[in-house]
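J.: One structure coming up, written as structure tokens, with questions to follow.
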Amino acid sequence: MRNQNKLGADQNVSIINSLICFMRYCKCVLFGVTEMEFDAQMQSSREHRVSRSESKDVPVIPDDFRCPISLGLMKEPVTVSTGQTYELSSITRWIEEGNSTCPKNRQKLLHRDLIPNHALRNLIMQYCDAHNIPFAKPENKKCSSMESIMSSKAGLEAAKMTAAFLVEKLAAGPFEAKRRVAYELRLLAKCSVDNRACIAEAGAMPLLVSLLSSEDPKAQEHAVTTFLNLSTYERNKAKIMKSGALQPIINVLRNGCSMEARENAAAALFSLSSVDEYKKVIGERPEAIPALVNLLRHGTVRGKRDAATAFFNLSLFHGNVSQVIAAGAVPLLIDVLTDDTPGLTDNAVSVLLVLANQLEGLLAICETSAIPLISSLLRLSSTSPKCKENCVAILLSMCCSGRDKTVNNLSTLPSLMPSLYNLLTSGTPRAKGKARSLLRILHMWEPSGAPQTILSYETEYSVTTVH
């Protein structure tokens with residue numbers, strides 16, 4: 001262990017993960033899977049008690065300082081082309097594995113340049129210094145790299161053995177054992193990319209599909225959550241689709257035994273729909289979009305968020321927009337704008353903007369009470385800059401639709417003008433441009449000559465409003 005202390009933080013984590021994988025395999029072989037769920041519940045209870053007792057002493061690391069991939073404190077933050085920031089080692093590995101999308105928002109990476117985020121690194125260093133948290137840049141020594149490679153190989157072999165053992169039990173064991181194996185696979189798939197790859201290669205997916213239709217709530221929940229965790233590995237998406245899991249996942253979304261199972265099914269559809277061709281495939285399933293609408297209507301806050309993010313991806317394929325509208329999603333998304341839950345309003349506005357980029361969606365939004373709700377978001381200090389940018393883009397699209405009633409309604413809102421002027425000074429560059437265009441339309445608005453005025457602006461700004 002003295003030699004291991006010389007390794008950087010990343011090498012230590014790799015070695016610990018290898019040891020955990022090996023011990024997990026040994027536990028499976030020696031004790032089987034009958035006690036794993038009980039042990040996990042006991043461990044969770046212990047961790048909860050410890051966290052409560054230590055919460056007053058241990059500082060909570062801000063989410064902005066954590067890597068979205070590893071969830072650990074970033075020491076070498078770098079920014080990718082989408083504007084998201086990750087730990088250098090984590091995003092490098094993600095790209096080297098053949099992924100071409102941003103792990104957080106699933107947008108296509110325009111290039112693979114990783115730009116050091118010195119400002120964020122300085123903030124993290126100041127935070128660590130203020131809270132007595134050790135902060136040291138990982139060392140790059142040849143001997144350390146070799147030891148890290150060896151430990152990674154050991155961890156990979158342990159993960160392969162564990163996955164193979166669990167899949168064997170999943171194939172031939174009694175139902176009770178299958179349910180607990182599904183739980184263990186769920187945990188294993190959550191831990192690392194290597195585990196997700198090993199589980200898929202071991203042939204777990206076809207066996208898990210049968211559990212999706214189980215009437216046992218826990219078995220179904222474990223199975224669909226395992227698929228969700230597996231889908232976060234880009235190469236597993238095609239395997240999931242080929243395994244025949246899509247329709248059973250949609251069935252869980254519609255009639256799942258528990259709300260958590262339905263929520264995770266929606267999240268799985270969001271993950272799968274990050275692949276362009278799967279947007280069309282999912283949208284062609286007649287039950288998928290209505291099931292998401294139902295979750296948006298009756299789900300928990302988390303369920304509504306999962307449904308909204310799934311709608312965002314699916315609506316990027318133009319062929320799905322008419323189905324989203326016909327299923328009644330637009331009024332529900334408008335209702336969500338009154339919810340002050342962090343992130344939920346942003347998701348709803350993002351979906352509405354995607355829908356507003358098509359005439360059918362724009363007309364559906366104009367038929368609702370969206371104008372005062374969207375306008376109110378512009379004046380709230382709690383609204384994020386990106387959300388305000390999307391809000392003003394939607395309002396501009398509504399004005400450019402050539403409907404004088406829309407512009408007239410906007411012109412009667414007393415708080416809109418101050419909000420737009422505020423965006424000219426404090427908004428994002430795109431928000432400033434949209435606000436300037438909208439102000440120009442409102443200043444020139446005359447009810448008698450409204451149609452001609454707005455149509456002329458539609459010609460001038462239609463290109464910018466749809467991007």
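Labeling convention for the structure tokens: chains A, B, ... as they appear, residues from 1 per chain, ligands from 1 in order of appearance.
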Near Pro372 (chain A), within 12 Å and counting only C-alpha atoms, which residues show up once chain neighbours fewer than 4 positions away are dropped, as a ChimeraX atom specification?
T.: /A:334-335,337-338,366,368,376-379,391,395,406,409-416
J.: Restricting it to N, CA and C atoms, dump the selection as a PDB file, in the first residue's frame.
T.:
```pdb
ATOM      1  N   ILE A 334     -47.082  23.774 -21.280  1.00  0.00           N
ATOM      2  CA  ILE A 334     -47.397  25.144 -20.847  1.00  0.00           C
ATOM      3  C   ILE A 334     -47.700  25.166 -19.352  1.00  0.00           C
ATOM      4  N   ASP A 335     -48.453  24.169 -18.872  1.00  0.00           N
ATOM      5  CA  ASP A 335     -48.771  24.095 -17.445  1.00  0.00           C
ATOM      6  C   ASP A 335     -47.508  23.953 -16.594  1.00  0.00           C
ATOM      7  N   LEU A 337     -44.803  25.351 -16.957  1.00  0.00           N
ATOM      8  CA  LEU A 337     -44.111  26.640 -16.813  1.00  0.00           C
ATOM      9  C   LEU A 337     -44.432  27.316 -15.488  1.00  0.00           C
ATOM     10  N   THR A 338     -45.506  26.901 -14.839  1.00  0.00           N
ATOM     11  CA  THR A 338     -45.859  27.478 -13.540  1.00  0.00           C
ATOM     12  C   THR A 338     -45.163  26.758 -12.391  1.00  0.00           C
ATOM     13  N   CYS A 366     -49.599  28.869 -30.091  1.00  0.00           N
ATOM     14  CA  CYS A 366     -50.383  30.117 -30.159  1.00  0.00           C
ATOM     15  C   CYS A 366     -51.817  29.923 -29.664  1.00  0.00           C
ATOM     16  N   THR A 368     -52.700  28.312 -27.075  1.00  0.00           N
ATOM     17  CA  THR A 368     -52.717  28.137 -25.621  1.00  0.00           C
ATOM     18  C   THR A 368     -52.526  29.488 -24.928  1.00  0.00           C
ATOM     19  N   SER A 376     -43.640  36.026 -18.343  1.00  0.00           N
ATOM     20  CA  SER A 376     -43.347  36.165 -16.913  1.00  0.00           C
ATOM     21  C   SER A 376     -41.994  35.559 -16.553  1.00  0.00           C
ATOM     22  N   LEU A 377     -41.581  34.531 -17.294  1.00  0.00           N
ATOM     23  CA  LEU A 377     -40.281  33.915 -17.015  1.00  0.00           C
ATOM     24  C   LEU A 377     -39.135  34.881 -17.304  1.00  0.00           C
ATOM     25  N   LEU A 378     -39.357  35.820 -18.223  1.00  0.00           N
ATOM     26  CA  LEU A 378     -38.301  36.764 -18.590  1.00  0.00           C
ATOM     27  C   LEU A 378     -37.967  37.726 -17.458  1.00  0.00           C
ATOM     28  N   ARG A 379     -38.931  38.007 -16.594  1.00  0.00           N
ATOM     29  CA  ARG A 379     -38.673  38.995 -15.531  1.00  0.00           C
ATOM     30  C   ARG A 379     -38.223  38.358 -14.218  1.00  0.00           C
ATOM     31  N   CYS A 391     -37.036  31.555 -24.222  1.00  0.00           N
ATOM     32  CA  CYS A 391     -38.345  32.213 -24.100  1.00  0.00           C
ATOM     33  C   CYS A 391     -38.519  33.326 -25.130  1.00  0.00           C
ATOM     34  N   LEU A 395     -41.232  33.692 -28.323  1.00  0.00           N
ATOM     35  CA  LEU A 395     -42.093  34.859 -28.527  1.00  0.00           C
ATOM     36  C   LEU A 395     -41.855  35.489 -29.900  1.00  0.00           C
ATOM     37  N   THR A 406     -51.439  37.684 -31.743  1.00  0.00           N
ATOM     38  CA  THR A 406     -50.284  37.384 -30.887  1.00  0.00           C
ATOM     39  C   THR A 406     -49.513  38.647 -30.555  1.00  0.00           C
ATOM     40  N   ASN A 409     -51.441  40.890 -28.184  1.00  0.00           N
ATOM     41  CA  ASN A 409     -51.382  40.405 -26.802  1.00  0.00           C
ATOM     42  C   ASN A 409     -50.045  40.749 -26.153  1.00  0.00           C
ATOM     43  N   LEU A 410     -48.969  40.612 -26.910  1.00  0.00           N
ATOM     44  CA  LEU A 410     -47.651  40.951 -26.369  1.00  0.00           C
ATOM     45  C   LEU A 410     -47.541  42.440 -26.059  1.00  0.00           C
ATOM     46  N   SER A 411     -48.097  43.249 -26.915  1.00  0.00           N
ATOM     47  CA  SER A 411     -47.980  44.703 -26.738  1.00  0.00           C
ATOM     48  C   SER A 411     -48.740  45.208 -25.521  1.00  0.00           C
ATOM     49  N   THR A 412     -49.670  44.413 -25.020  1.00  0.00           N
ATOM     50  CA  THR A 412     -50.462  44.836 -23.850  1.00  0.00           C
ATOM     51  C   THR A 412     -49.856  44.383 -22.524  1.00  0.00           C
ATOM     52  N   LEU A 413     -48.761  43.626 -22.573  1.00  0.00           N
ATOM     53  CA  LEU A 413     -48.125  43.143 -21.334  1.00  0.00           C
ATOM     54  C   LEU A 413     -47.185  44.212 -20.796  1.00  0.00           C
ATOM     55  N   PRO A 414     -47.480  44.793 -19.642  1.00  0.00           N
ATOM     56  CA  PRO A 414     -46.660  45.910 -19.141  1.00  0.00           C
ATOM     57  C   PRO A 414     -45.245  45.521 -18.760  1.00  0.00           C
ATOM     58  N   SER A 415     -45.040  44.263 -18.377  1.00  0.00           N
ATOM     59  CA  SER A 415     -43.709  43.867 -17.907  1.00  0.00           C
ATOM     60  C   SER A 415     -42.793  43.379 -19.026  1.00  0.00           C
ATOM     61  N   LEU A 416     -43.344  43.223 -20.234  1.00  0.00           N
ATOM     62  CA  LEU A 416     -42.534  42.637 -21.308  1.00  0.00           C
ATOM     63  C   LEU A 416     -41.426  43.575 -21.771  1.00  0.00           C
TER      64      LEU A 416
END
```
J.: Between A:His222, A:Asp129, A:Ile250, A:Val351, which one has atoms that come closest to Glu284 (chain A), using only C-alpha atoms?
T.: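 The closest residue to Glu284 (chain A) is A:Ile250.
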J.: Which distance in Å separates CA of Asn229 (chain A) and CA of Ala200 (chain A), to one decimal?
T.: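 If I compute the distance from CA of Asn229 (chain A) to CA of Ala200 (chain A), I get 11.2 Å.
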J.: I'd like the interatomic distance between CA of Ala154 (chain A) and CA of Ile95 (chain A), to a tenth of an Å.
T.: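 Computing it gives 22.2 Å between the two atoms.
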J.: Compile the contact shell of Thr428 (chain A) as an NGL selection string: residues with an atom at most 8 Å away, counting only C-alpha atoms, same-chain residues fewer than 2 positions apart removed.
T.: :A and (385-386 or 389 or 423 or 426 or 430-432)
J.: Extract, using only C-alpha atoms, all DNA, RNA and protein residues at most 12 Å from Cys191 (chain A), discarding same-chain residues fewer than 2 positions from it, and format them as a ChimeraX atom specification.
T.: /A:14,17-18,20-21,69-71,159,184-189,193-199,226,229-230,232-233
